[in-house]
$ cat work.cif   # mmCIF, C-alpha atoms
data_work
loop_
_atom_site.label_atom_id
_atom_site.label_comp_id
_atom_site.auth_asym_id
_atom_site.auth_seq_id
_atom_site.Cartn_x
_atom_site.Cartn_y
_atom_site.Cartn_z
CA MET X 256 14.37 -65.07 27.38
CA MET X 257 10.87 -63.72 26.93
CA GLN X 258 11.81 -60.42 28.57
CA PHE X 259 14.82 -60.10 26.28
CA LEU X 260 12.65 -60.60 23.18
CA ALA X 261 10.09 -58.11 24.46
CA LYS X 262 12.79 -55.47 25.07
CA ALA X 263 14.38 -56.17 21.66
CA GLY X 264 10.95 -55.87 19.96
CA LEU X 265 10.26 -52.60 21.76
CA ALA X 266 13.67 -51.22 20.76
CA THR X 267 13.01 -52.29 17.16
CA LEU X 268 9.65 -50.48 17.17
CA LEU X 269 11.29 -47.30 18.50
CA VAL X 270 13.98 -47.41 15.82
CA VAL X 271 11.47 -48.05 13.01
CA GLY X 272 9.20 -45.24 14.27
CA THR X 273 12.09 -42.80 14.46
CA VAL X 274 13.34 -43.67 10.98
CA ALA X 275 9.82 -43.40 9.54
CA GLY X 276 9.34 -40.02 11.24
CA VAL X 277 12.59 -38.65 9.83
CA THR X 278 12.15 -39.87 6.26
CA ALA X 279 8.50 -38.82 5.83
CA PRO X 280 9.12 -35.03 5.76
CA ALA X 281 12.17 -35.46 3.56
CA SER X 282 10.22 -37.47 1.01
CA ALA X 283 7.44 -34.88 0.96
CA GLN X 284 9.87 -32.24 -0.28
CA VAL X 285 10.91 -34.13 -3.39
CA ASP X 286 9.02 -33.07 -6.52
CA VAL X 287 9.53 -34.63 -9.91
CA TYR X 288 8.32 -32.68 -12.94
CA ILE X 289 8.18 -33.90 -16.49
CA GLY X 290 8.23 -30.98 -18.89
CA SER X 291 8.02 -27.41 -17.65
CA GLY X 292 5.86 -28.29 -14.64
CA ARG X 293 3.57 -25.31 -15.14
CA PRO X 294 0.43 -24.88 -17.19
CA PRO X 295 0.71 -22.52 -20.16
CA PRO X 296 -0.27 -18.89 -19.52
CA PRO X 297 -3.75 -17.78 -20.52
CA PRO X 298 -4.25 -16.13 -23.91
CA GLY X 299 -3.37 -12.45 -23.90
CA TYR X 300 -0.90 -12.82 -21.02
CA TYR X 301 2.03 -11.61 -23.08
CA ARG X 302 0.78 -8.36 -24.57
CA PRO X 303 2.72 -5.21 -25.41
CA PRO X 304 2.59 -2.27 -22.99
CA PRO X 305 0.16 0.57 -23.68
CA PRO X 306 1.36 3.36 -26.00
CA ASP X 307 1.85 5.89 -23.16
CA TYR X 308 3.81 3.49 -20.92
CA ASN X 309 7.04 5.53 -20.86
CA ARG X 310 5.32 8.91 -20.69
CA PRO X 311 5.32 10.59 -17.24
CA PRO X 312 1.94 11.00 -15.55
CA PRO X 313 0.08 14.23 -16.29
CA ARG X 314 0.77 17.06 -13.87
CA GLY X 315 -2.03 18.63 -11.96
CA ARG X 316 -2.88 22.12 -13.07
CA GLY X 317 -4.53 23.48 -10.00
CA CYS X 318 -4.12 23.52 -6.26
CA ASP X 319 -4.27 20.05 -4.76
CA PRO X 320 -6.77 20.10 -1.84
CA ARG X 321 -4.44 18.00 0.32
CA LEU X 322 -1.63 20.49 -0.28
CA ALA X 323 -3.97 23.35 0.65
CA GLU X 324 -4.80 21.60 3.94
CA ASP X 325 -1.10 21.05 4.66
CA ILE X 326 -0.29 24.71 4.00
CA ALA X 327 -3.18 25.76 6.23
CA ARG X 328 -1.74 23.59 9.01
CA ASP X 329 1.58 25.36 8.51
CA TYR X 330 -0.25 28.66 9.07
CA GLY X 331 -1.52 27.34 12.43
CA PHE X 332 -4.89 25.85 11.51
CA ARG X 333 -6.01 22.79 13.43
CA ARG X 334 -8.50 20.30 11.94
CA ALA X 335 -8.14 22.01 8.57
CA ARG X 336 -10.51 20.82 5.85
CA VAL X 337 -11.37 21.95 2.34
CA VAL X 338 -14.91 23.32 2.17
CA ASP X 339 -15.10 24.78 -1.33
CA VAL X 340 -13.19 24.43 -4.60
CA THR X 341 -13.94 26.82 -7.45
CA PRO X 342 -12.03 27.43 -10.69
CA ARG X 343 -10.31 30.40 -9.01
CA ARG X 344 -9.85 29.51 -5.34
CA VAL X 345 -9.76 26.76 -2.73
CA MET X 346 -11.34 27.55 0.66
CA VAL X 347 -10.06 25.83 3.80
CA GLU X 348 -11.69 26.07 7.22
CA GLY X 349 -10.18 25.16 10.57
CA TRP X 350 -9.51 26.32 14.10
CA THR X 351 -6.87 28.82 15.18
CA ARG X 352 -6.10 30.35 18.57
CA ARG X 353 -8.89 32.88 17.99
CA GLY X 354 -11.50 30.26 17.10
CA ALA X 355 -12.99 29.15 13.81
CA ASP X 356 -11.28 30.75 10.82
CA GLU X 357 -10.88 30.28 7.09
CA ILE X 358 -8.12 30.80 4.56
CA SER X 359 -8.35 30.87 0.78
CA PHE X 360 -5.77 29.77 -1.76
CA ALA X 361 -5.53 30.49 -5.47
CA ASN X 362 -6.42 27.43 -7.55
CA ALA X 363 -2.99 27.47 -9.19
CA ARG X 364 0.06 25.28 -8.90
CA GLY X 365 1.68 25.66 -5.50
CA CYS X 366 -1.48 26.97 -3.78
CA PRO X 367 -0.53 30.63 -3.19
CA VAL X 368 -2.40 32.26 -0.31
CA LEU X 369 -5.05 34.83 -1.33
CA ARG X 370 -6.28 35.95 2.07
CA ARG X 371 -6.37 34.85 5.65
#
$ encode --input "work.cif" --output "structure tokens"
Amino acid sequence: MMQFLAKAGLATLLVVGTVAGVTAPASAQVDVYIGSGRPPPPPGYYRPPPPDYNRPPPRGRGCDPRLAEDIARDYGFRRARVVDVTPRRVMVEGWTRRGADEISFANARGCPVLRR
């Protein structure tokens, strides 16, 4: 009889442990809120957009140095880098098949080539 009670007690402990293990995660997912559940936003959170919100960004007027480097790569320059930017031109240096070389672009939209 003692063995039967021991086995029944062990089975009861296994069942209780399994039920407790299953219900604990489920109970952790239940949240009860009274009211909105969130703190109010800080002052100034709801403010109107700036006056130029719908205006497109200003366009660049000159030659973008990154565009000048990309165009120089199209002309066969390797490791092209901008070395000088003046109001009239953008100088790019790099390596070609003949060795170190430079190319200059007009400081205007589209970066037209001045000389190679």
$ atom_distance --input "work.cif" --atom1 "atom CA of Ile326 of chain X" --atom2 "atom CA of Asn362 of chain X"
13.4 Å
$ resolve_selection --input "work.cif" --expression "the PyMOL selection byres ((chain X and resi 352) around 10)" --output "PyMOL selection string"
chain X and resi 331-333+350-351+353-356
$ closest_residue --input "work.cif" --among "X:Glu348, X:Asp319, X:Glu357, X:Asp325" --to "Arg370 of chain X" --atoms "only C-alpha atoms"
X:Glu357
$ residues_around --input "work.cif" --residues "Pro367 of chain X" --least-positions-apart "3" --cutoff "12 Å" --atoms "all atoms listed in the file" --output "list in words"
Gly317, Cys318, Asp319, Leu322, Ala323, Ile326, Ala327, Arg343, Arg344, Val345, Met346, Ile358, Ser359, Phe360, Ala361, Asn362, Ala363, Arg364, Arg370 and Arg371 of chain X
$ axis_aligned_box --input "work.cif" --around "segment 261-265 of chain X" --padding-each-side "4 Å" --output "AutoDock Vina command-line options"
--center_x 12.2 --center_y -55.4 --center_z 22.5 --size_x 12.3 --size_y 13.5 --size_z 13.1
$ resolve_selection --input "work.cif" --expression "the PyMOL selection byres ((chain X and resi 336) around 6)" --output "list in words"
Ala335, Val337, Val347 and Glu348 of chain X
$ closest_residue --input "work.cif" --among "X:Gly349, X:Gly315, X:Gly264, X:Gly292" --to "Gly365 of chain X" --atoms "only C-alpha atoms"
X:Gly315
$ atom_distance --input "work.cif" --atom1 "atom CA of Arg316 of chain X" --atom2 "atom CA of Arg328 of chain X"
22.2 Å
$ atom_distance --input "work.cif" --atom1 "atom CA of Arg302 of chain X" --atom2 "atom CA of Arg314 of chain X"
27.6 Å
$ build_atoms --input "work.cif" --residues "segment 334-366 of chain X" --atoms "N, CA and C atoms" --output "PDB file, keeping the file's coordinate frame"
ATOM      1  N   ARG X 334      -7.353  20.958  12.587  1.00  0.00           N
ATOM      2  CA  ARG X 334      -8.500  20.300  11.940  1.00  0.00           C
ATOM      3  C   ARG X 334      -8.894  21.010  10.638  1.00  0.00           C
ATOM      4  N   ALA X 335      -7.889  21.315   9.835  1.00  0.00           N
ATOM      5  CA  ALA X 335      -8.140  22.010   8.570  1.00  0.00           C
ATOM      6  C   ALA X 335      -8.823  21.070   7.588  1.00  0.00           C
ATOM      7  N   ARG X 336      -9.822  21.607   6.871  1.00  0.00           N
ATOM      8  CA  ARG X 336     -10.510  20.820   5.850  1.00  0.00           C
ATOM      9  C   ARG X 336     -10.957  21.733   4.723  1.00  0.00           C
ATOM     10  N   VAL X 337     -10.950  21.189   3.523  1.00  0.00           N
ATOM     11  CA  VAL X 337     -11.370  21.950   2.340  1.00  0.00           C
ATOM     12  C   VAL X 337     -12.886  21.977   2.320  1.00  0.00           C
ATOM     13  N   VAL X 338     -13.458  23.186   2.187  1.00  0.00           N
ATOM     14  CA  VAL X 338     -14.910  23.320   2.170  1.00  0.00           C
ATOM     15  C   VAL X 338     -15.453  23.721   0.817  1.00  0.00           C
ATOM     16  N   ASP X 339     -14.609  24.331  -0.033  1.00  0.00           N
ATOM     17  CA  ASP X 339     -15.100  24.780  -1.330  1.00  0.00           C
ATOM     18  C   ASP X 339     -13.943  24.843  -2.315  1.00  0.00           C
ATOM     19  N   VAL X 340     -14.179  24.345  -3.515  1.00  0.00           N
ATOM     20  CA  VAL X 340     -13.190  24.430  -4.600  1.00  0.00           C
ATOM     21  C   VAL X 340     -13.893  25.023  -5.797  1.00  0.00           C
ATOM     22  N   THR X 341     -13.412  26.171  -6.254  1.00  0.00           N
ATOM     23  CA  THR X 341     -13.940  26.820  -7.450  1.00  0.00           C
ATOM     24  C   THR X 341     -12.811  26.893  -8.473  1.00  0.00           C
ATOM     25  N   PRO X 342     -13.114  27.319  -9.702  1.00  0.00           N
ATOM     26  CA  PRO X 342     -12.030  27.430 -10.690  1.00  0.00           C
ATOM     27  C   PRO X 342     -10.959  28.443 -10.288  1.00  0.00           C
ATOM     28  N   ARG X 343     -11.290  29.389  -9.381  1.00  0.00           N
ATOM     29  CA  ARG X 343     -10.310  30.400  -9.010  1.00  0.00           C
ATOM     30  C   ARG X 343      -9.691  30.227  -7.633  1.00  0.00           C
ATOM     31  N   ARG X 344     -10.385  29.579  -6.703  1.00  0.00           N
ATOM     32  CA  ARG X 344      -9.850  29.510  -5.340  1.00  0.00           C
ATOM     33  C   ARG X 344     -10.251  28.199  -4.658  1.00  0.00           C
ATOM     34  N   VAL X 345      -9.509  27.917  -3.579  1.00  0.00           N
ATOM     35  CA  VAL X 345      -9.760  26.760  -2.730  1.00  0.00           C
ATOM     36  C   VAL X 345      -9.899  27.296  -1.306  1.00  0.00           C
ATOM     37  N   MET X 346     -11.065  27.058  -0.699  1.00  0.00           N
ATOM     38  CA  MET X 346     -11.340  27.550   0.660  1.00  0.00           C
ATOM     39  C   MET X 346     -11.079  26.428   1.664  1.00  0.00           C
ATOM     40  N   VAL X 347     -10.368  26.773   2.739  1.00  0.00           N
ATOM     41  CA  VAL X 347     -10.060  25.830   3.800  1.00  0.00           C
ATOM     42  C   VAL X 347     -10.519  26.432   5.120  1.00  0.00           C
ATOM     43  N   GLU X 348     -11.254  25.635   5.892  1.00  0.00           N
ATOM     44  CA  GLU X 348     -11.690  26.070   7.220  1.00  0.00           C
ATOM     45  C   GLU X 348     -10.964  25.244   8.269  1.00  0.00           C
ATOM     46  N   GLY X 349     -10.821  25.857   9.453  1.00  0.00           N
ATOM     47  CA  GLY X 349     -10.180  25.160  10.570  1.00  0.00           C
ATOM     48  C   GLY X 349     -10.255  26.027  11.808  1.00  0.00           C
ATOM     49  N   TRP X 350      -9.516  25.618  12.818  1.00  0.00           N
ATOM     50  CA  TRP X 350      -9.510  26.320  14.100  1.00  0.00           C
ATOM     51  C   TRP X 350      -8.131  26.914  14.329  1.00  0.00           C
ATOM     52  N   THR X 351      -8.109  28.162  14.773  1.00  0.00           N
ATOM     53  CA  THR X 351      -6.870  28.820  15.180  1.00  0.00           C
ATOM     54  C   THR X 351      -6.987  29.165  16.652  1.00  0.00           C
ATOM     55  N   ARG X 352      -6.035  29.935  17.161  1.00  0.00           N
ATOM     56  CA  ARG X 352      -6.100  30.350  18.570  1.00  0.00           C
ATOM     57  C   ARG X 352      -7.303  31.241  18.836  1.00  0.00           C
ATOM     58  N   ARG X 353      -7.761  31.967  17.827  1.00  0.00           N
ATOM     59  CA  ARG X 353      -8.890  32.880  17.990  1.00  0.00           C
ATOM     60  C   ARG X 353     -10.234  32.208  17.776  1.00  0.00           C
ATOM     61  N   GLY X 354     -10.255  30.967  17.366  1.00  0.00           N
ATOM     62  CA  GLY X 354     -11.500  30.260  17.100  1.00  0.00           C
ATOM     63  C   GLY X 354     -11.576  29.808  15.661  1.00  0.00           C
ATOM     64  N   ALA X 355     -12.804  29.613  15.184  1.00  0.00           N
ATOM     65  CA  ALA X 355     -12.990  29.150  13.810  1.00  0.00           C
ATOM     66  C   ALA X 355     -12.525  30.219  12.830  1.00  0.00           C
ATOM     67  N   ASP X 356     -11.817  29.804  11.796  1.00  0.00           N
ATOM     68  CA  ASP X 356     -11.280  30.750  10.820  1.00  0.00           C
ATOM     69  C   ASP X 356     -11.221  30.056   9.471  1.00  0.00           C
ATOM     70  N   GLU X 357     -11.006  30.848   8.428  1.00  0.00           N
ATOM     71  CA  GLU X 357     -10.880  30.280   7.090  1.00  0.00           C
ATOM     72  C   GLU X 357      -9.760  30.980   6.353  1.00  0.00           C
ATOM     73  N   ILE X 358      -9.201  30.272   5.395  1.00  0.00           N
ATOM     74  CA  ILE X 358      -8.120  30.800   4.560  1.00  0.00           C
ATOM     75  C   ILE X 358      -8.425  30.368   3.134  1.00  0.00           C
ATOM     76  N   SER X 359      -8.098  31.223   2.175  1.00  0.00           N
ATOM     77  CA  SER X 359      -8.350  30.870   0.780  1.00  0.00           C
ATOM     78  C   SER X 359      -7.047  30.885   0.002  1.00  0.00           C
ATOM     79  N   PHE X 360      -6.949  29.934  -0.911  1.00  0.00           N
ATOM     80  CA  PHE X 360      -5.770  29.770  -1.760  1.00  0.00           C
ATOM     81  C   PHE X 360      -6.185  29.917  -3.208  1.00  0.00           C
ATOM     82  N   ALA X 361      -5.272  30.423  -4.031  1.00  0.00           N
ATOM     83  CA  ALA X 361      -5.530  30.490  -5.470  1.00  0.00           C
ATOM     84  C   ALA X 361      -5.491  29.063  -6.021  1.00  0.00           C
ATOM     85  N   ASN X 362      -6.379  28.760  -6.938  1.00  0.00           N
ATOM     86  CA  ASN X 362      -6.420  27.430  -7.550  1.00  0.00           C
ATOM     87  C   ASN X 362      -5.385  27.381  -8.666  1.00  0.00           C
ATOM     88  N   ALA X 363      -4.119  27.511  -8.278  1.00  0.00           N
ATOM     89  CA  ALA X 363      -2.990  27.470  -9.190  1.00  0.00           C
ATOM     90  C   ALA X 363      -1.939  26.553  -8.575  1.00  0.00           C
ATOM     91  N   ARG X 364      -0.975  26.180  -9.386  1.00  0.00           N
ATOM     92  CA  ARG X 364       0.060  25.280  -8.900  1.00  0.00           C
ATOM     93  C   ARG X 364       0.823  25.910  -7.743  1.00  0.00           C
ATOM     94  N   GLY X 365       0.987  25.160  -6.663  1.00  0.00           N
ATOM     95  CA  GLY X 365       1.680  25.660  -5.500  1.00  0.00           C
ATOM     96  C   GLY X 365       0.782  26.242  -4.446  1.00  0.00           C
ATOM     97  N   CYS X 366      -0.473  26.462  -4.722  1.00  0.00           N
ATOM     98  CA  CYS X 366      -1.480  26.970  -3.780  1.00  0.00           C
ATOM     99  C   CYS X 366      -1.044  28.287  -3.103  1.00  0.00           C
TER     100      CYS X 366
END
